[in-house]
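Below is one structure; the comments refer to it alone.
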Amino acid sequence: MPAPTLAPRKKTRKIKVGSVYVGGDAPVSVQSMTTTKTTDINATLQQIAELTAAGCDIVRVACPTQDDAEALPIIAKKSQIPVIADIHFQPKYVFAAIEAGCAAVRVNPGNIKRFDDQVKEIAAAAKDHGTSIRIGVNAGSLDKRIMDKYGKATPEALVESAVWEASLFEEHGFHDFKISVKHNDPVVMVEAYRQLSERGDWPLHLGVTEAGPAFQGTIKSATAFGALLSQGIGDTIRVSLSAPPVEEVKVGIQILQSLNLRPRKLEIVSCPSCGRAQVDVYELAEKVTAGLEGMEVPLRVAVMGCVVNGPGEAREADLGVASGNGKGQIFVKGEVIKTVPESQIVETLIEEAMRIAETMEPEEGASPQVMAAQ
């Protein structure tokens, strides 16, 4: 039986981004963007490999120069996941990216010179090559006409820009595109996507732009994505963090798993610690998480620090420990199987987890992430 979700996904148009479907009944995909110079092909491919291993479905690479454009054919060919070229300012790189075999091209209509005049040619080239497009509307780069009308990047301004550009592509018979309307304020961003979702069946790429450092960006993205995904809005996501891109993927996967929009894998449930705790819960949880990193099966492990909630939580998990008085009771499927000294809790939990994992099969579509749920 499928895991329960807060709302059914809104039925949007399904498009292909290389080998990955976006929209329709396709799972919500996770994207990130490389931080390497695209001209450094080896470094870029290495980072893409790391992102792939972390569970990333689609990767975007910057293409601000001719040298970057010339690197795209090799990167697109050798990447294990679909590559999107990120284009700003220069429309010629849109065509270069399409010719290079990129799975998709992200265009920013607000800062590409005379973009609207070239939609017909872009649509024709994309259609010929089976390339999809992302219409990426950003609060920081809205067309001057829109800014003059609204005064600032309001939800209505973002939506008007997006709908206008979508209509131009559709006017030329091109429908293989998704849309994003990003803003750095989660409230504005959520309202923009809500309005956009009501206007059409386009697949939507969710993002809080310039979300900030890891902690702040994670909170802002989780808040905004949770609000939208819980209403069935959103087909692919990118968590923007001032942090290594692998961290973006981890956060994105965690958000989807938390909403049952992606099969769960290993989940570490640990208490937040308090005056009742008789062991160092932080250290226990970190060591258990590190010891089980990369586990492929949907296993729930409870690491609890006292006798108040510990036994109950440990019984509910597949595997758990309730700690106190220098020892830990080890639970498997709700039953106490042994009591061990505090110094042996971590190694015992890891051993039992490995034993249980050998009898389980990974869930289809599960991502290779270890979660630490507080």
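Every chain in the structure tokens takes a letter, A first, then B, and so on in the order presented; its residues are numbered from 1, and the ligands are numbered from 1 following the presented order.
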
Task: Backbone DSSP call of alpha helix (DSSP H) for range 88-319 of chain A, listed as a PyMOL selection string - done: chain A and resi 92-99+119-129+144-150+155-171+186-199+214-229+245-258+281-291+310-316

Open item on the list: So that I can see what lies close to Thr36 in chain A, please list as a PyMOL selection string the residues with an atom at most 10 Å from it, counting only C-alpha atoms and leaving out residues fewer than 2 positions away in the same chain.
Closed with: chain A and resi 33-34+38-48+61-62

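If you measure from each of A:Lys338, A:Arg9, A:Lys265, A:Lys182 to Met360 in chain A using only C-alpha atoms, the closest one turns out to be A:Lys265.
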
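Residue nearest Ala314 in chain A, chosen from A:Met354, A:Val269, A:Met295, A:Ala97 and counting only C-alpha atoms: A:Val269.
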
- [ ] Have a look at A:Ser343, A:Gln216, A:Gln90, A:Thr359 and name the one nearest to Pro298 in chain A; count only C-alpha atoms.
- [x] A:Thr359

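Here CA of Ser242 in chain A and CA of Thr52 in chain A stand 19.3 Å from one another.
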
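For Ala103 in chain A, the list of residues within 8 Å, based on only C-alpha atoms and with local chain neighbours fewer than 2 positions off taken out, reads Val17, Gly18, Ala76, Pro82, Val83, Ile84, Ile98, Gly101, Val105, Gly130, Thr131 and Ser132 of chain A.
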
Would you mind exporting all heavy atoms of the selected residues as a JSON list (two decimals), in the first residue's frame?
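Now in selection_11.json:
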[["chain", "number", "residue", "atom", "x", "y", "z"],
["A", 17, "VAL", "N", 12.97, 15.29, -19.35],
["A", 17, "VAL", "CA", 14.26, 15.96, -19.22],
["A", 17, "VAL", "C", 15.30, 14.85, -19.35],
["A", 17, "VAL", "O", 15.64, 14.18, -18.38],
["A", 17, "VAL", "CB", 14.39, 16.69, -17.87],
["A", 17, "VAL", "CG1", 15.75, 17.36, -17.76],
["A", 17, "VAL", "CG2", 13.27, 17.72, -17.71],
["A", 18, "GLY", "N", 15.73, 14.61, -20.57],
["A", 18, "GLY", "CA", 16.60, 13.47, -20.81],
["A", 18, "GLY", "C", 15.85, 12.19, -20.47],
["A", 18, "GLY", "O", 14.76, 11.93, -20.99],
["A", 76, "ALA", "N", 27.47, 16.72, -21.34],
["A", 76, "ALA", "CA", 26.14, 16.14, -21.57],
["A", 76, "ALA", "C", 26.22, 14.66, -21.91],
["A", 76, "ALA", "O", 25.39, 13.86, -21.49],
["A", 76, "ALA", "CB", 25.42, 16.90, -22.68],
["A", 82, "PRO", "N", 20.65, 13.55, -16.43],
["A", 82, "PRO", "CA", 20.40, 14.60, -17.42],
["A", 82, "PRO", "C", 21.01, 15.94, -17.01],
["A", 82, "PRO", "O", 20.97, 16.33, -15.85],
["A", 82, "PRO", "CB", 18.87, 14.69, -17.44],
["A", 82, "PRO", "CG", 18.40, 13.35, -16.98],
["A", 82, "PRO", "CD", 19.40, 12.90, -15.98],
["A", 83, "VAL", "N", 21.56, 16.63, -18.01],
["A", 83, "VAL", "CA", 22.22, 17.92, -17.79],
["A", 83, "VAL", "C", 21.36, 19.04, -18.36],
["A", 83, "VAL", "O", 20.91, 18.97, -19.51],
["A", 83, "VAL", "CB", 23.61, 17.94, -18.46],
["A", 83, "VAL", "CG1", 24.21, 19.35, -18.43],
["A", 83, "VAL", "CG2", 24.55, 16.95, -17.77],
["A", 84, "ILE", "N", 21.15, 20.06, -17.54],
["A", 84, "ILE", "CA", 20.46, 21.27, -17.98],
["A", 84, "ILE", "C", 21.50, 22.39, -18.08],
["A", 84, "ILE", "O", 22.28, 22.61, -17.15],
["A", 84, "ILE", "CB", 19.37, 21.69, -16.98],
["A", 84, "ILE", "CG1", 18.29, 20.61, -16.88],
["A", 84, "ILE", "CG2", 18.74, 23.02, -17.39],
["A", 84, "ILE", "CD1", 17.22, 20.92, -15.86],
["A", 98, "ILE", "N", 21.42, 23.50, -26.92],
["A", 98, "ILE", "CA", 20.54, 22.55, -27.62],
["A", 98, "ILE", "C", 21.36, 21.69, -28.57],
["A", 98, "ILE", "O", 21.22, 20.46, -28.60],
["A", 98, "ILE", "CB", 19.42, 23.31, -28.35],
["A", 98, "ILE", "CG1", 18.47, 23.97, -27.34],
["A", 98, "ILE", "CG2", 18.65, 22.37, -29.28],
["A", 98, "ILE", "CD1", 17.46, 24.91, -27.97],
["A", 101, "GLY", "N", 23.46, 18.79, -27.10],
["A", 101, "GLY", "CA", 22.82, 17.58, -26.62],
["A", 101, "GLY", "C", 22.40, 17.63, -25.17],
["A", 101, "GLY", "O", 22.16, 16.58, -24.55],
["A", 105, "VAL", "N", 17.31, 23.17, -21.34],
["A", 105, "VAL", "CA", 17.94, 24.48, -21.22],
["A", 105, "VAL", "C", 17.08, 25.33, -20.31],
["A", 105, "VAL", "O", 15.86, 25.41, -20.48],
["A", 105, "VAL", "CB", 18.09, 25.18, -22.59],
["A", 105, "VAL", "CG1", 18.72, 26.55, -22.42],
["A", 105, "VAL", "CG2", 18.92, 24.32, -23.54],
["A", 130, "GLY", "N", 14.65, 17.35, -29.37],
["A", 130, "GLY", "CA", 14.03, 16.68, -28.22],
["A", 130, "GLY", "C", 14.48, 17.28, -26.91],
["A", 130, "GLY", "O", 14.58, 16.59, -25.89],
["A", 131, "THR", "N", 14.75, 18.58, -26.93],
["A", 131, "THR", "CA", 15.24, 19.28, -25.74],
["A", 131, "THR", "C", 14.08, 19.99, -25.06],
["A", 131, "THR", "O", 13.30, 20.68, -25.72],
["A", 131, "THR", "CB", 16.30, 20.33, -26.13],
["A", 131, "THR", "OG1", 17.30, 19.71, -26.93],
["A", 131, "THR", "CG2", 16.94, 20.95, -24.89],
["A", 132, "SER", "N", 13.97, 19.83, -23.74],
["A", 132, "SER", "CA", 12.93, 20.57, -23.02],
["A", 132, "SER", "C", 13.51, 21.90, -22.51],
["A", 132, "SER", "O", 14.71, 22.11, -22.50],
["A", 132, "SER", "CB", 12.36, 19.74, -21.87],
["A", 132, "SER", "OG", 13.36, 19.42, -20.93]]

TODO: Apply DSSP to the structure's backbone, then extract all residues of range 79-210 of chain A labelled strand (DSSP E) and return them as a ChimeraX atom specification.
DONE: /A:83-87,104-107,132-138,177-182,205-206

Grab the residues selected above and save them as a PDB file, in the first residue's frame with N, CA and C atoms.
ATOM      1  N   VAL A  83      21.564  16.629 -18.008  1.00  0.00           N
ATOM      2  CA  VAL A  83      22.223  17.915 -17.793  1.00  0.00           C
ATOM      3  C   VAL A  83      21.365  19.041 -18.364  1.00  0.00           C
ATOM      4  N   ILE A  84      21.154  20.058 -17.545  1.00  0.00           N
ATOM      5  CA  ILE A  84      20.465  21.275 -17.979  1.00  0.00           C
ATOM      6  C   ILE A  84      21.504  22.392 -18.077  1.00  0.00           C
ATOM      7  N   ALA A  85      21.501  23.099 -19.200  1.00  0.00           N
ATOM      8  CA  ALA A  85      22.384  24.253 -19.351  1.00  0.00           C
ATOM      9  C   ALA A  85      21.662  25.492 -18.833  1.00  0.00           C
ATOM     10  N   ASP A  86      22.349  26.270 -18.020  1.00  0.00           N
ATOM     11  CA  ASP A  86      21.779  27.462 -17.390  1.00  0.00           C
ATOM     12  C   ASP A  86      22.212  28.691 -18.181  1.00  0.00           C
ATOM     13  N   ILE A  87      21.250  29.332 -18.846  1.00  0.00           N
ATOM     14  CA  ILE A  87      21.578  30.410 -19.778  1.00  0.00           C
ATOM     15  C   ILE A  87      21.010  31.750 -19.302  1.00  0.00           C
ATOM     16  N   ALA A 104      18.066  19.643 -21.321  1.00  0.00           N
ATOM     17  CA  ALA A 104      17.162  20.789 -21.216  1.00  0.00           C
ATOM     18  C   ALA A 104      17.989  22.063 -21.138  1.00  0.00           C
ATOM     19  N   VAL A 105      17.310  23.173 -21.342  1.00  0.00           N
ATOM     20  CA  VAL A 105      17.941  24.478 -21.222  1.00  0.00           C
ATOM     21  C   VAL A 105      17.079  25.329 -20.310  1.00  0.00           C
ATOM     22  N   ARG A 106      17.729  25.968 -19.318  1.00  0.00           N
ATOM     23  CA  ARG A 106      17.019  26.917 -18.461  1.00  0.00           C
ATOM     24  C   ARG A 106      17.243  28.300 -19.057  1.00  0.00           C
ATOM     25  N   VAL A 107      16.156  28.990 -19.364  1.00  0.00           N
ATOM     26  CA  VAL A 107      16.265  30.341 -19.899  1.00  0.00           C
ATOM     27  C   VAL A 107      15.651  31.319 -18.908  1.00  0.00           C
ATOM     28  N   SER A 132      13.971  19.833 -23.744  1.00  0.00           N
ATOM     29  CA  SER A 132      12.932  20.572 -23.025  1.00  0.00           C
ATOM     30  C   SER A 132      13.507  21.899 -22.508  1.00  0.00           C
ATOM     31  N   ILE A 133      12.614  22.769 -22.091  1.00  0.00           N
ATOM     32  CA  ILE A 133      12.989  24.114 -21.659  1.00  0.00           C
ATOM     33  C   ILE A 133      12.459  24.348 -20.247  1.00  0.00           C
ATOM     34  N   ARG A 134      13.237  25.086 -19.435  1.00  0.00           N
ATOM     35  CA  ARG A 134      12.649  25.635 -18.206  1.00  0.00           C
ATOM     36  C   ARG A 134      12.579  27.139 -18.353  1.00  0.00           C
ATOM     37  N   ILE A 135      11.376  27.664 -18.249  1.00  0.00           N
ATOM     38  CA  ILE A 135      11.188  29.109 -18.196  1.00  0.00           C
ATOM     39  C   ILE A 135      11.425  29.517 -16.747  1.00  0.00           C
ATOM     40  N   GLY A 136      12.568  30.135 -16.490  1.00  0.00           N
ATOM     41  CA  GLY A 136      12.955  30.453 -15.121  1.00  0.00           C
ATOM     42  C   GLY A 136      12.779  31.919 -14.814  1.00  0.00           C
ATOM     43  N   VAL A 137      11.657  32.253 -14.195  1.00  0.00           N
ATOM     44  CA  VAL A 137      11.395  33.644 -13.820  1.00  0.00           C
ATOM     45  C   VAL A 137      11.952  33.889 -12.428  1.00  0.00           C
ATOM     46  N   ASN A 138      12.773  34.904 -12.277  1.00  0.00           N
ATOM     47  CA  ASN A 138      13.407  35.217 -11.002  1.00  0.00           C
ATOM     48  C   ASN A 138      13.004  36.610 -10.533  1.00  0.00           C
ATOM     49  N   PHE A 177       7.938  22.258 -21.783  1.00  0.00           N
ATOM     50  CA  PHE A 177       8.627  23.158 -20.869  1.00  0.00           C
ATOM     51  C   PHE A 177       7.995  23.092 -19.477  1.00  0.00           C
ATOM     52  N   LYS A 178       8.812  23.441 -18.508  1.00  0.00           N
ATOM     53  CA  LYS A 178       8.331  23.608 -17.135  1.00  0.00           C
ATOM     54  C   LYS A 178       8.623  25.042 -16.734  1.00  0.00           C
ATOM     55  N   ILE A 179       8.049  25.465 -15.609  1.00  0.00           N
ATOM     56  CA  ILE A 179       8.166  26.862 -15.206  1.00  0.00           C
ATOM     57  C   ILE A 179       8.609  26.950 -13.758  1.00  0.00           C
ATOM     58  N   SER A 180       9.419  27.957 -13.453  1.00  0.00           N
ATOM     59  CA  SER A 180       9.720  28.298 -12.065  1.00  0.00           C
ATOM     60  C   SER A 180       9.487  29.788 -11.878  1.00  0.00           C
ATOM     61  N   VAL A 181       9.014  30.156 -10.695  1.00  0.00           N
ATOM     62  CA  VAL A 181       8.829  31.573 -10.331  1.00  0.00           C
ATOM     63  C   VAL A 181       9.468  31.767  -8.957  1.00  0.00           C
ATOM     64  N   LYS A 182      10.769  31.961  -8.963  1.00  0.00           N
ATOM     65  CA  LYS A 182      11.532  31.952  -7.716  1.00  0.00           C
ATOM     66  C   LYS A 182      11.619  33.322  -7.062  1.00  0.00           C
ATOM     67  N   HIS A 205       8.718  23.762 -11.397  1.00  0.00           N
ATOM     68  CA  HIS A 205      10.005  23.554 -10.718  1.00  0.00           C
ATOM     69  C   HIS A 205      10.035  24.484  -9.508  1.00  0.00           C
ATOM     70  N   LEU A 206      10.111  23.912  -8.311  1.00  0.00           N
ATOM     71  CA  LEU A 206      10.075  24.710  -7.087  1.00  0.00           C
ATOM     72  C   LEU A 206      11.474  25.138  -6.668  1.00  0.00           C
TER      73      LEU A 206
END

TODO: Show which residues sit within 9 Å of range 164-166 of chain A, as an NGL selection string. Count only C-alpha atoms, and ignore same-chain residues fewer than 3 positions away.
DONE: :A and (109 or 116 or 119 or 135 or 159-161 or 169-171 or 175 or 177-179 or 202)

Would you export the selected residues with N, CA, C and O atoms as a tab-separated table (two decimals), in the first residue's frame, please?
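To be explicit, this is the file written out as part.tsv:
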chain	number	residue	atom	x	y	z
A	109	PRO	N	13.99	34.70	-19.15
A	109	PRO	CA	13.50	35.70	-20.11
A	109	PRO	C	13.76	37.14	-19.69
A	109	PRO	O	13.89	38.01	-20.55
A	116	ASP	N	11.97	37.46	-26.33
A	116	ASP	CA	10.66	37.17	-26.92
A	116	ASP	C	10.72	37.08	-28.43
A	116	ASP	O	9.97	36.30	-29.05
A	119	VAL	N	11.77	33.39	-29.50
A	119	VAL	CA	11.09	32.20	-28.99
A	119	VAL	C	10.78	31.21	-30.12
A	119	VAL	O	10.94	29.99	-29.96
A	135	ILE	N	11.38	27.66	-18.25
A	135	ILE	CA	11.19	29.11	-18.20
A	135	ILE	C	11.43	29.52	-16.75
A	135	ILE	O	10.60	29.25	-15.87
A	159	VAL	N	4.01	35.78	-11.78
A	159	VAL	CA	3.09	34.93	-12.53
A	159	VAL	C	2.80	35.52	-13.90
A	159	VAL	O	2.77	34.80	-14.91
A	160	GLU	N	2.61	36.83	-13.97
A	160	GLU	CA	2.33	37.45	-15.26
A	160	GLU	C	3.48	37.22	-16.23
A	160	GLU	O	3.28	36.92	-17.41
A	161	SER	N	4.70	37.37	-15.74
A	161	SER	CA	5.87	37.14	-16.58
A	161	SER	C	5.90	35.70	-17.08
A	161	SER	O	6.12	35.44	-18.27
A	169	PHE	N	5.70	30.33	-26.19
A	169	PHE	CA	6.13	28.99	-26.63
A	169	PHE	C	4.95	28.19	-27.16
A	169	PHE	O	5.05	27.51	-28.19
A	170	GLU	N	3.82	28.27	-26.47
A	170	GLU	CA	2.65	27.52	-26.90
A	170	GLU	C	2.11	28.04	-28.23
A	170	GLU	O	1.60	27.26	-29.05
A	171	GLU	N	2.24	29.32	-28.44
A	171	GLU	CA	1.81	29.92	-29.71
A	171	GLU	C	2.56	29.31	-30.89
A	171	GLU	O	2.04	29.20	-32.00
A	175	HIS	N	5.40	22.69	-26.27
A	175	HIS	CA	4.79	22.48	-24.95
A	175	HIS	C	5.72	21.75	-23.98
A	175	HIS	O	5.32	21.50	-22.84
A	177	PHE	N	7.94	22.26	-21.78
A	177	PHE	CA	8.63	23.16	-20.87
A	177	PHE	C	7.99	23.09	-19.48
A	177	PHE	O	6.84	22.71	-19.31
A	178	LYS	N	8.81	23.44	-18.51
A	178	LYS	CA	8.33	23.61	-17.14
A	178	LYS	C	8.62	25.04	-16.73
A	178	LYS	O	9.36	25.75	-17.41
A	179	ILE	N	8.05	25.47	-15.61
A	179	ILE	CA	8.17	26.86	-15.21
A	179	ILE	C	8.61	26.95	-13.76
A	179	ILE	O	8.20	26.14	-12.92
A	202	TRP	N	1.01	23.47	-16.45
A	202	TRP	CA	2.45	23.35	-16.69
A	202	TRP	C	3.12	22.64	-15.51
A	202	TRP	O	2.80	22.91	-14.34

Write out as a PDB file with N, CA and C atoms, in the first residue's frame each polymer residue whose atoms come within 8 Å of Ser141 in chain A, counting only C-alpha atoms; drop sequence neighbours fewer than 4 positions from it.
ATOM      1  N   ASN A 108      16.264  32.484 -18.801  1.00  0.00           N
ATOM      2  CA  ASN A 108      15.765  33.539 -17.927  1.00  0.00           C
ATOM      3  C   ASN A 108      15.289  34.687 -18.823  1.00  0.00           C
ATOM      4  N   GLY A 110      13.878  37.373 -18.390  1.00  0.00           N
ATOM      5  CA  GLY A 110      14.041  38.734 -17.911  1.00  0.00           C
ATOM      6  C   GLY A 110      15.389  39.352 -18.206  1.00  0.00           C
ATOM      7  N   ASN A 111      16.415  38.513 -18.480  1.00  0.00           N
ATOM      8  CA  ASN A 111      17.725  39.121 -18.728  1.00  0.00           C
ATOM      9  C   ASN A 111      18.407  38.631 -20.003  1.00  0.00           C
ATOM     10  N   VAL A 137      11.657  32.253 -14.195  1.00  0.00           N
ATOM     11  CA  VAL A 137      11.395  33.644 -13.820  1.00  0.00           C
ATOM     12  C   VAL A 137      11.952  33.889 -12.428  1.00  0.00           C
TER      13      VAL A 137
END

Task: Closest of A:Ala227, A:Val59, A:Ala124, A:Ala100 to Leu72 in chain A - atom-to-atom distances counting only C-alpha atoms - done: A:Ala100

Open item on the list: Quick one: residues within 12 Å of Glu198 in chain A, only C-alpha atoms, excluding same-chain residues fewer than 3 positions away - as a PyMOL selection string?
Closed with: chain A and resi 10-12+159+163+191-195+201-204+232-233

Task: Distance query Ala26 in chain A at most 12 Å, only C-alpha atoms, self and fewer than 2 positions along chain excluded, as JSON, numbers by chain - done: {"A": [9, 10, 11, 12, 13, 14, 15, 16, 17, 19, 20, 21, 22, 23, 24, 28, 29, 203, 234, 235, 236, 261, 262, 365]}
